[in-house]
$ cat upload18.txt   # compact mmCIF, N, CA and C atoms
# COMPACT_ATOMS: atom_id res chain seq x y z
N MET Z 1 114.63 93.66 105.10
CA MET Z 1 113.46 93.72 104.26
C MET Z 1 113.71 92.86 103.01
N ASP Z 2 112.80 91.98 102.69
CA ASP Z 2 112.91 91.12 101.52
C ASP Z 2 112.35 91.85 100.31
N LEU Z 3 113.22 92.12 99.34
CA LEU Z 3 112.82 92.86 98.15
C LEU Z 3 112.61 91.95 96.95
N SER Z 4 112.65 90.64 97.15
CA SER Z 4 112.49 89.73 96.03
C SER Z 4 111.10 89.81 95.43
N SER Z 5 110.12 90.28 96.21
CA SER Z 5 108.75 90.38 95.68
C SER Z 5 108.61 91.51 94.69
N LEU Z 6 109.56 92.44 94.63
CA LEU Z 6 109.46 93.56 93.69
C LEU Z 6 109.49 93.10 92.25
N THR Z 7 110.18 92.03 91.96
CA THR Z 7 110.27 91.57 90.58
C THR Z 7 108.95 90.99 90.10
N GLY Z 8 108.03 90.68 91.00
CA GLY Z 8 106.74 90.13 90.61
C GLY Z 8 105.67 91.18 90.40
N ILE Z 9 106.01 92.46 90.60
CA ILE Z 9 105.02 93.52 90.41
C ILE Z 9 104.71 93.63 88.93
N THR Z 10 103.42 93.68 88.61
CA THR Z 10 103.00 93.79 87.22
C THR Z 10 103.62 95.02 86.60
N GLY Z 11 104.25 94.84 85.46
CA GLY Z 11 104.89 95.95 84.77
C GLY Z 11 106.38 95.98 85.00
N LEU Z 12 106.85 95.54 86.16
CA LEU Z 12 108.29 95.54 86.42
C LEU Z 12 108.97 94.28 85.90
N THR Z 13 108.20 93.24 85.60
CA THR Z 13 108.81 91.99 85.17
C THR Z 13 109.44 92.11 83.79
N GLY Z 14 108.94 93.00 82.95
CA GLY Z 14 109.48 93.13 81.61
C GLY Z 14 110.60 94.13 81.49
N LEU Z 15 110.99 94.75 82.58
CA LEU Z 15 112.03 95.75 82.52
C LEU Z 15 113.39 95.09 82.41
N THR Z 16 114.26 95.70 81.62
CA THR Z 16 115.57 95.12 81.40
C THR Z 16 116.57 95.52 82.46
N ASN Z 17 116.32 96.61 83.17
CA ASN Z 17 117.30 97.12 84.13
C ASN Z 17 116.83 96.86 85.56
N THR Z 18 116.51 95.62 85.88
CA THR Z 18 116.05 95.31 87.23
C THR Z 18 117.21 94.98 88.16
N SER Z 19 118.44 94.99 87.66
CA SER Z 19 119.58 94.74 88.53
C SER Z 19 119.77 95.87 89.53
N ASN Z 20 119.25 97.07 89.23
CA ASN Z 20 119.38 98.19 90.15
C ASN Z 20 118.44 98.07 91.34
N LEU Z 21 117.57 97.06 91.36
CA LEU Z 21 116.66 96.91 92.49
C LEU Z 21 117.40 96.55 93.77
N SER Z 22 118.65 96.08 93.65
CA SER Z 22 119.41 95.79 94.85
C SER Z 22 119.72 97.06 95.63
N ASN Z 23 119.76 98.22 94.95
CA ASN Z 23 119.99 99.48 95.64
C ASN Z 23 118.83 99.85 96.55
N LEU Z 24 117.65 99.28 96.33
CA LEU Z 24 116.50 99.59 97.15
C LEU Z 24 116.67 99.12 98.58
N SER Z 25 117.54 98.14 98.81
CA SER Z 25 117.73 97.66 100.17
C SER Z 25 118.38 98.72 101.04
N LYS Z 26 118.96 99.75 100.45
CA LYS Z 26 119.58 100.82 101.21
C LYS Z 26 118.58 101.90 101.59
N LEU Z 27 117.36 101.84 101.03
CA LEU Z 27 116.34 102.81 101.37
C LEU Z 27 115.62 102.40 102.65
N SER Z 28 115.10 103.38 103.33
CA SER Z 28 114.33 103.08 104.52
C SER Z 28 112.94 102.62 104.11
N ASP Z 29 112.24 102.00 105.06
CA ASP Z 29 110.87 101.56 104.79
C ASP Z 29 109.98 102.73 104.42
N GLU Z 30 110.22 103.87 105.05
CA GLU Z 30 109.41 105.06 104.78
C GLU Z 30 109.60 105.54 103.33
N ASP Z 31 110.84 105.52 102.84
CA ASP Z 31 111.11 105.93 101.47
C ASP Z 31 110.40 105.02 100.47
N ILE Z 32 110.48 103.73 100.71
CA ILE Z 32 109.84 102.76 99.82
C ILE Z 32 108.33 102.92 99.86
N THR Z 33 107.79 103.15 101.05
CA THR Z 33 106.34 103.36 101.18
C THR Z 33 105.92 104.61 100.42
N THR Z 34 106.72 105.66 100.48
CA THR Z 34 106.40 106.89 99.76
C THR Z 34 106.39 106.65 98.26
N ILE Z 35 107.36 105.91 97.77
CA ILE Z 35 107.43 105.61 96.33
C ILE Z 35 106.21 104.80 95.91
N TYR Z 36 105.90 103.75 96.66
CA TYR Z 36 104.76 102.91 96.31
C TYR Z 36 103.44 103.66 96.37
N SER Z 37 103.28 104.49 97.39
CA SER Z 37 102.00 105.18 97.51
C SER Z 37 101.81 106.20 96.40
N ALA Z 38 102.89 106.89 96.02
CA ALA Z 38 102.77 107.90 94.95
C ALA Z 38 102.39 107.25 93.63
N TYR Z 39 103.05 106.19 93.28
CA TYR Z 39 102.76 105.56 92.01
C TYR Z 39 101.61 104.57 92.09
N GLY Z 40 101.33 104.06 93.27
CA GLY Z 40 100.14 103.24 93.44
C GLY Z 40 98.89 104.05 93.21
N ASP Z 41 98.88 105.30 93.71
CA ASP Z 41 97.73 106.18 93.50
C ASP Z 41 97.56 106.48 92.02
N ALA Z 42 98.67 106.77 91.33
CA ALA Z 42 98.58 107.08 89.91
C ALA Z 42 98.10 105.87 89.11
N LEU Z 43 98.64 104.70 89.43
CA LEU Z 43 98.26 103.50 88.69
C LEU Z 43 96.82 103.07 88.99
N SER Z 44 96.38 103.23 90.25
CA SER Z 44 95.01 102.83 90.57
C SER Z 44 94.00 103.76 89.92
N SER Z 45 94.34 105.04 89.77
CA SER Z 45 93.41 105.94 89.12
C SER Z 45 93.33 105.66 87.62
N VAL Z 46 94.43 105.20 87.05
CA VAL Z 46 94.41 104.84 85.63
C VAL Z 46 93.60 103.57 85.42
N SER Z 47 93.73 102.61 86.33
CA SER Z 47 93.02 101.35 86.15
C SER Z 47 91.58 101.42 86.61
N GLY Z 48 91.18 102.51 87.26
CA GLY Z 48 89.82 102.65 87.73
C GLY Z 48 89.57 101.94 89.04
N ALA Z 49 90.63 101.56 89.75
CA ALA Z 49 90.48 100.83 91.00
C ALA Z 49 90.11 101.73 92.17
N ASP Z 50 90.03 103.02 91.94
CA ASP Z 50 89.73 103.92 93.05
C ASP Z 50 88.24 104.07 93.29
N GLY Z 51 87.42 103.30 92.61
CA GLY Z 51 85.99 103.35 92.83
C GLY Z 51 85.28 104.31 91.89
N ASN Z 52 86.02 105.09 91.15
CA ASN Z 52 85.42 106.02 90.20
C ASN Z 52 85.02 105.26 88.95
N LYS Z 53 83.74 105.14 88.72
CA LYS Z 53 83.26 104.35 87.59
C LYS Z 53 83.23 105.15 86.30
N ASN Z 54 83.40 106.48 86.38
CA ASN Z 54 83.38 107.28 85.16
C ASN Z 54 84.56 106.90 84.27
N GLY Z 55 85.77 107.03 84.79
CA GLY Z 55 86.95 106.62 84.06
C GLY Z 55 87.06 107.27 82.70
N ASP Z 56 86.54 108.50 82.57
CA ASP Z 56 86.61 109.14 81.27
C ASP Z 56 88.06 109.45 80.91
N PHE Z 57 88.27 109.70 79.65
CA PHE Z 57 89.62 109.87 79.13
C PHE Z 57 90.34 111.05 79.77
N SER Z 58 89.63 112.13 80.04
CA SER Z 58 90.30 113.31 80.59
C SER Z 58 90.86 113.04 81.99
N SER Z 59 90.15 112.26 82.81
CA SER Z 59 90.68 111.96 84.15
C SER Z 59 91.89 111.03 84.07
N ILE Z 60 91.84 110.10 83.13
CA ILE Z 60 92.99 109.20 82.94
C ILE Z 60 94.18 110.00 82.43
N LEU Z 61 93.92 110.89 81.47
CA LEU Z 61 95.00 111.71 80.91
C LEU Z 61 95.59 112.61 81.99
N ASP Z 62 94.74 113.23 82.80
CA ASP Z 62 95.22 114.11 83.87
C ASP Z 62 96.08 113.34 84.87
N SER Z 63 95.65 112.14 85.21
CA SER Z 63 96.43 111.35 86.16
C SER Z 63 97.77 110.93 85.57
N MET Z 64 97.81 110.60 84.30
CA MET Z 64 99.07 110.22 83.66
C MET Z 64 99.99 111.42 83.51
N ILE Z 65 99.44 112.58 83.20
CA ILE Z 65 100.26 113.78 83.11
C ILE Z 65 100.85 114.10 84.48
N GLY Z 66 100.05 113.92 85.53
CA GLY Z 66 100.55 114.13 86.89
C GLY Z 66 101.68 113.17 87.23
N ALA Z 67 101.53 111.90 86.83
CA ALA Z 67 102.58 110.91 87.09
C ALA Z 67 103.85 111.25 86.32
N ILE Z 68 103.70 111.71 85.09
CA ILE Z 68 104.86 112.08 84.28
C ILE Z 68 105.54 113.32 84.88
N ASP Z 69 104.73 114.29 85.32
CA ASP Z 69 105.30 115.48 85.96
C ASP Z 69 106.06 115.13 87.23
N GLU Z 70 105.50 114.22 88.02
CA GLU Z 70 106.18 113.81 89.25
C GLU Z 70 107.48 113.06 88.93
N THR Z 71 107.45 112.24 87.90
CA THR Z 71 108.67 111.55 87.47
C THR Z 71 109.72 112.55 87.03
N ASN Z 72 109.29 113.56 86.27
CA ASN Z 72 110.21 114.59 85.81
C ASN Z 72 110.80 115.37 87.00
N ASP Z 73 109.96 115.67 87.99
CA ASP Z 73 110.44 116.38 89.18
C ASP Z 73 111.48 115.54 89.93
N LEU Z 74 111.22 114.24 90.06
CA LEU Z 74 112.17 113.36 90.75
C LEU Z 74 113.48 113.26 89.98
N GLN Z 75 113.40 113.20 88.65
CA GLN Z 75 114.61 113.16 87.82
C GLN Z 75 115.41 114.45 87.97
N SER Z 76 114.72 115.59 87.97
CA SER Z 76 115.40 116.88 88.12
C SER Z 76 116.06 117.00 89.48
N TYR Z 77 115.36 116.55 90.53
CA TYR Z 77 115.93 116.61 91.88
C TYR Z 77 117.16 115.72 91.98
N ALA Z 78 117.11 114.54 91.38
CA ALA Z 78 118.25 113.63 91.41
C ALA Z 78 119.44 114.24 90.68
N GLU Z 79 119.18 114.88 89.56
CA GLU Z 79 120.26 115.52 88.81
C GLU Z 79 120.85 116.68 89.62
N SER Z 80 119.99 117.44 90.27
CA SER Z 80 120.46 118.55 91.10
C SER Z 80 121.30 118.04 92.27
N ALA Z 81 120.86 116.97 92.90
CA ALA Z 81 121.62 116.39 94.02
C ALA Z 81 122.97 115.86 93.54
N GLU Z 82 122.99 115.30 92.34
CA GLU Z 82 124.24 114.79 91.79
C GLU Z 82 125.22 115.94 91.50
N ILE Z 83 124.70 117.03 90.96
CA ILE Z 83 125.56 118.19 90.67
C ILE Z 83 126.09 118.79 91.96
N GLN Z 84 125.23 118.92 92.99
CA GLN Z 84 125.68 119.45 94.27
C GLN Z 84 126.76 118.58 94.90
N PHE Z 85 126.60 117.26 94.77
CA PHE Z 85 127.60 116.35 95.32
C PHE Z 85 128.91 116.48 94.55
N ALA Z 86 128.82 116.59 93.22
CA ALA Z 86 130.03 116.70 92.40
C ALA Z 86 130.78 118.00 92.68
N LEU Z 87 130.05 119.06 92.98
CA LEU Z 87 130.68 120.35 93.26
C LEU Z 87 131.16 120.47 94.71
N GLY Z 88 130.88 119.47 95.52
CA GLY Z 88 131.32 119.48 96.90
C GLY Z 88 130.39 120.25 97.84
N GLN Z 89 129.23 120.65 97.34
CA GLN Z 89 128.28 121.38 98.18
C GLN Z 89 127.51 120.45 99.11
N SER Z 90 127.50 119.17 98.80
CA SER Z 90 126.83 118.19 99.63
C SER Z 90 127.77 117.00 99.82
N GLU Z 91 127.85 116.52 101.04
CA GLU Z 91 128.72 115.38 101.31
C GLU Z 91 127.93 114.14 101.71
N ASN Z 92 126.62 114.25 101.72
CA ASN Z 92 125.78 113.15 102.16
C ASN Z 92 125.46 112.22 100.98
N THR Z 93 126.16 111.12 100.90
CA THR Z 93 125.93 110.18 99.80
C THR Z 93 124.60 109.45 99.95
N HIS Z 94 124.11 109.36 101.18
CA HIS Z 94 122.83 108.68 101.42
C HIS Z 94 121.69 109.41 100.73
N ASP Z 95 121.65 110.74 100.87
CA ASP Z 95 120.59 111.52 100.21
C ASP Z 95 120.71 111.44 98.69
N LEU Z 96 121.93 111.41 98.19
CA LEU Z 96 122.15 111.29 96.76
C LEU Z 96 121.62 109.95 96.25
N LEU Z 97 121.93 108.87 96.97
CA LEU Z 97 121.46 107.55 96.57
C LEU Z 97 119.94 107.46 96.62
N ILE Z 98 119.34 108.04 97.64
CA ILE Z 98 117.88 108.02 97.76
C ILE Z 98 117.25 108.78 96.58
N ALA Z 99 117.77 109.95 96.27
CA ALA Z 99 117.22 110.75 95.16
C ALA Z 99 117.36 110.00 93.84
N GLN Z 100 118.51 109.39 93.61
CA GLN Z 100 118.72 108.65 92.37
C GLN Z 100 117.82 107.42 92.29
N THR Z 101 117.65 106.72 93.39
CA THR Z 101 116.82 105.52 93.39
C THR Z 101 115.35 105.86 93.22
N LYS Z 102 114.88 106.92 93.87
CA LYS Z 102 113.50 107.36 93.68
C LYS Z 102 113.26 107.72 92.21
N ALA Z 103 114.20 108.42 91.60
CA ALA Z 103 114.05 108.80 90.20
C ALA Z 103 114.05 107.58 89.30
N THR Z 104 114.90 106.61 89.59
CA THR Z 104 114.97 105.39 88.79
C THR Z 104 113.69 104.58 88.90
N VAL Z 105 113.18 104.41 90.11
CA VAL Z 105 111.95 103.64 90.30
C VAL Z 105 110.77 104.35 89.65
N ALA Z 106 110.71 105.66 89.79
CA ALA Z 106 109.63 106.43 89.17
C ALA Z 106 109.67 106.28 87.65
N LEU Z 107 110.86 106.35 87.08
CA LEU Z 107 110.99 106.19 85.63
C LEU Z 107 110.61 104.78 85.19
N GLN Z 108 110.98 103.77 85.98
CA GLN Z 108 110.62 102.40 85.64
C GLN Z 108 109.11 102.21 85.65
N TYR Z 109 108.44 102.77 86.66
CA TYR Z 109 106.98 102.67 86.70
C TYR Z 109 106.34 103.40 85.52
N THR Z 110 106.85 104.58 85.21
CA THR Z 110 106.30 105.35 84.09
C THR Z 110 106.48 104.60 82.78
N VAL Z 111 107.64 104.02 82.58
CA VAL Z 111 107.89 103.24 81.36
C VAL Z 111 107.00 101.99 81.32
N ALA Z 112 106.80 101.35 82.47
CA ALA Z 112 105.94 100.16 82.52
C ALA Z 112 104.50 100.52 82.17
N VAL Z 113 104.01 101.64 82.68
CA VAL Z 113 102.65 102.07 82.35
C VAL Z 113 102.55 102.43 80.87
N ARG Z 114 103.55 103.12 80.35
CA ARG Z 114 103.56 103.45 78.92
C ARG Z 114 103.53 102.19 78.07
N ASP Z 115 104.35 101.21 78.44
CA ASP Z 115 104.37 99.95 77.68
C ASP Z 115 103.03 99.24 77.71
N LYS Z 116 102.37 99.26 78.87
CA LYS Z 116 101.05 98.63 78.97
C LYS Z 116 100.02 99.37 78.12
N LEU Z 117 100.11 100.70 78.08
CA LEU Z 117 99.19 101.48 77.25
C LEU Z 117 99.41 101.19 75.77
N ILE Z 118 100.66 101.10 75.37
CA ILE Z 118 100.96 100.79 73.97
C ILE Z 118 100.49 99.38 73.62
N GLU Z 119 100.70 98.46 74.54
CA GLU Z 119 100.25 97.08 74.33
C GLU Z 119 98.73 97.03 74.18
N ALA Z 120 98.01 97.78 75.02
CA ALA Z 120 96.55 97.81 74.93
C ALA Z 120 96.10 98.45 73.61
N TYR Z 121 96.77 99.51 73.18
CA TYR Z 121 96.44 100.16 71.92
C TYR Z 121 96.63 99.19 70.76
N LYS Z 122 97.75 98.48 70.76
CA LYS Z 122 98.01 97.52 69.68
C LYS Z 122 96.96 96.41 69.68
N GLU Z 123 96.57 95.96 70.86
CA GLU Z 123 95.53 94.92 70.97
C GLU Z 123 94.21 95.42 70.38
N ILE Z 124 93.86 96.64 70.69
CA ILE Z 124 92.61 97.21 70.15
C ILE Z 124 92.70 97.37 68.64
N MET Z 125 93.85 97.80 68.14
CA MET Z 125 94.01 97.99 66.71
C MET Z 125 93.99 96.66 65.95
N ASN Z 126 94.36 95.57 66.60
CA ASN Z 126 94.36 94.27 65.95
C ASN Z 126 93.00 93.56 65.98
N MET Z 127 92.05 94.14 66.71
CA MET Z 127 90.71 93.53 66.77
C MET Z 127 90.01 93.67 65.43
N GLN Z 128 89.34 92.61 65.06
CA GLN Z 128 88.58 92.65 63.80
C GLN Z 128 87.13 92.93 64.13
N ILE Z 129 86.55 93.76 63.34
CA ILE Z 129 85.15 94.16 63.56
C ILE Z 129 84.23 93.31 62.70
$ encode --input "upload18.txt" --output "structure tokens"
Amino acid sequence: MDLSSLTGITGLTGLTNTSNLSNLSKLSDEDITTIYSAYGDALSSVSGADGNKNGDFSSILDSMIGAIDETNDLQSYAESAEIQFALGQSENTHDLLIAQTKATVALQYTVAVRDKLIEAYKEIMNMQI
């Protein structure tokens, strides 16, 4: 699977820690599809690409809170898997790597969306009336 196209995804180009994207080659296609679909849904609802023309603030806020909660859940699961591996309760390094990579990608997407929101806010604040 060619992962070179990942660096061209909007929002990921400005990230400083893109060297960890090489770990994605160890994930299965299904895992990568799951990651993309989860955050693609969150990002499309924020951008209004889902066909919903209302786009009111509460729906955007709810979708972002959901994305943050999912990121937090993935981070917690990765930490739990790491602790289980360290204690010898789990010997499967593959599951540990998948959990850590999912958490890392989720955090990168969340940070990218946050950065875009801050950038948009600054742009609006700099507009002259």
$ residues_around --input "upload18.txt" --residues "stretch 99-112 of chain Z" --least-positions-apart "4" --cutoff "6 Å" --atoms "only C-alpha atoms" --output "PDB file with N, CA and C atoms, in the frame of the given file"
ATOM      1  N   GLY Z  11     104.250  94.840  85.460  1.00  0.00           N
ATOM      2  CA  GLY Z  11     104.890  95.950  84.770  1.00  0.00           C
ATOM      3  C   GLY Z  11     106.380  95.980  85.000  1.00  0.00           C
ATOM      4  N   THR Z  71     107.450 112.240  87.900  1.00  0.00           N
ATOM      5  CA  THR Z  71     108.670 111.550  87.470  1.00  0.00           C
ATOM      6  C   THR Z  71     109.720 112.550  87.030  1.00  0.00           C
ATOM      7  N   LEU Z  74     111.220 114.240  90.060  1.00  0.00           N
ATOM      8  CA  LEU Z  74     112.170 113.360  90.750  1.00  0.00           C
ATOM      9  C   LEU Z  74     113.480 113.260  89.980  1.00  0.00           C
ATOM     10  N   GLN Z  75     113.400 113.200  88.650  1.00  0.00           N
ATOM     11  CA  GLN Z  75     114.610 113.160  87.820  1.00  0.00           C
ATOM     12  C   GLN Z  75     115.410 114.450  87.970  1.00  0.00           C
ATOM     13  N   ALA Z  78     117.110 114.540  91.380  1.00  0.00           N
ATOM     14  CA  ALA Z  78     118.250 113.630  91.410  1.00  0.00           C
ATOM     15  C   ALA Z  78     119.440 114.240  90.680  1.00  0.00           C
TER      16      ALA Z  78
END
$ atom_distance --input "upload18.txt" --atom1 "atom CA of Z:Leu97" --atom2 "atom CA of Z:Ser80"
12.3 Å
$ atom_distance --input "upload18.txt" --atom1 "atom N of Z:Lys116" --atom2 "atom N of Z:Ile98"
26.8 Å
$ atom_distance --input "upload18.txt" --atom1 "atom N of Z:Ile60" --atom2 "atom CA of Z:Asp73"
20.5 Å
$ closest_residue --input "upload18.txt" --among "Z:Ser76, Z:Val113, Z:Gly88, Z:Thr93" --to "Z:Ser63" --atoms "only C-alpha atoms"
Z:Val113
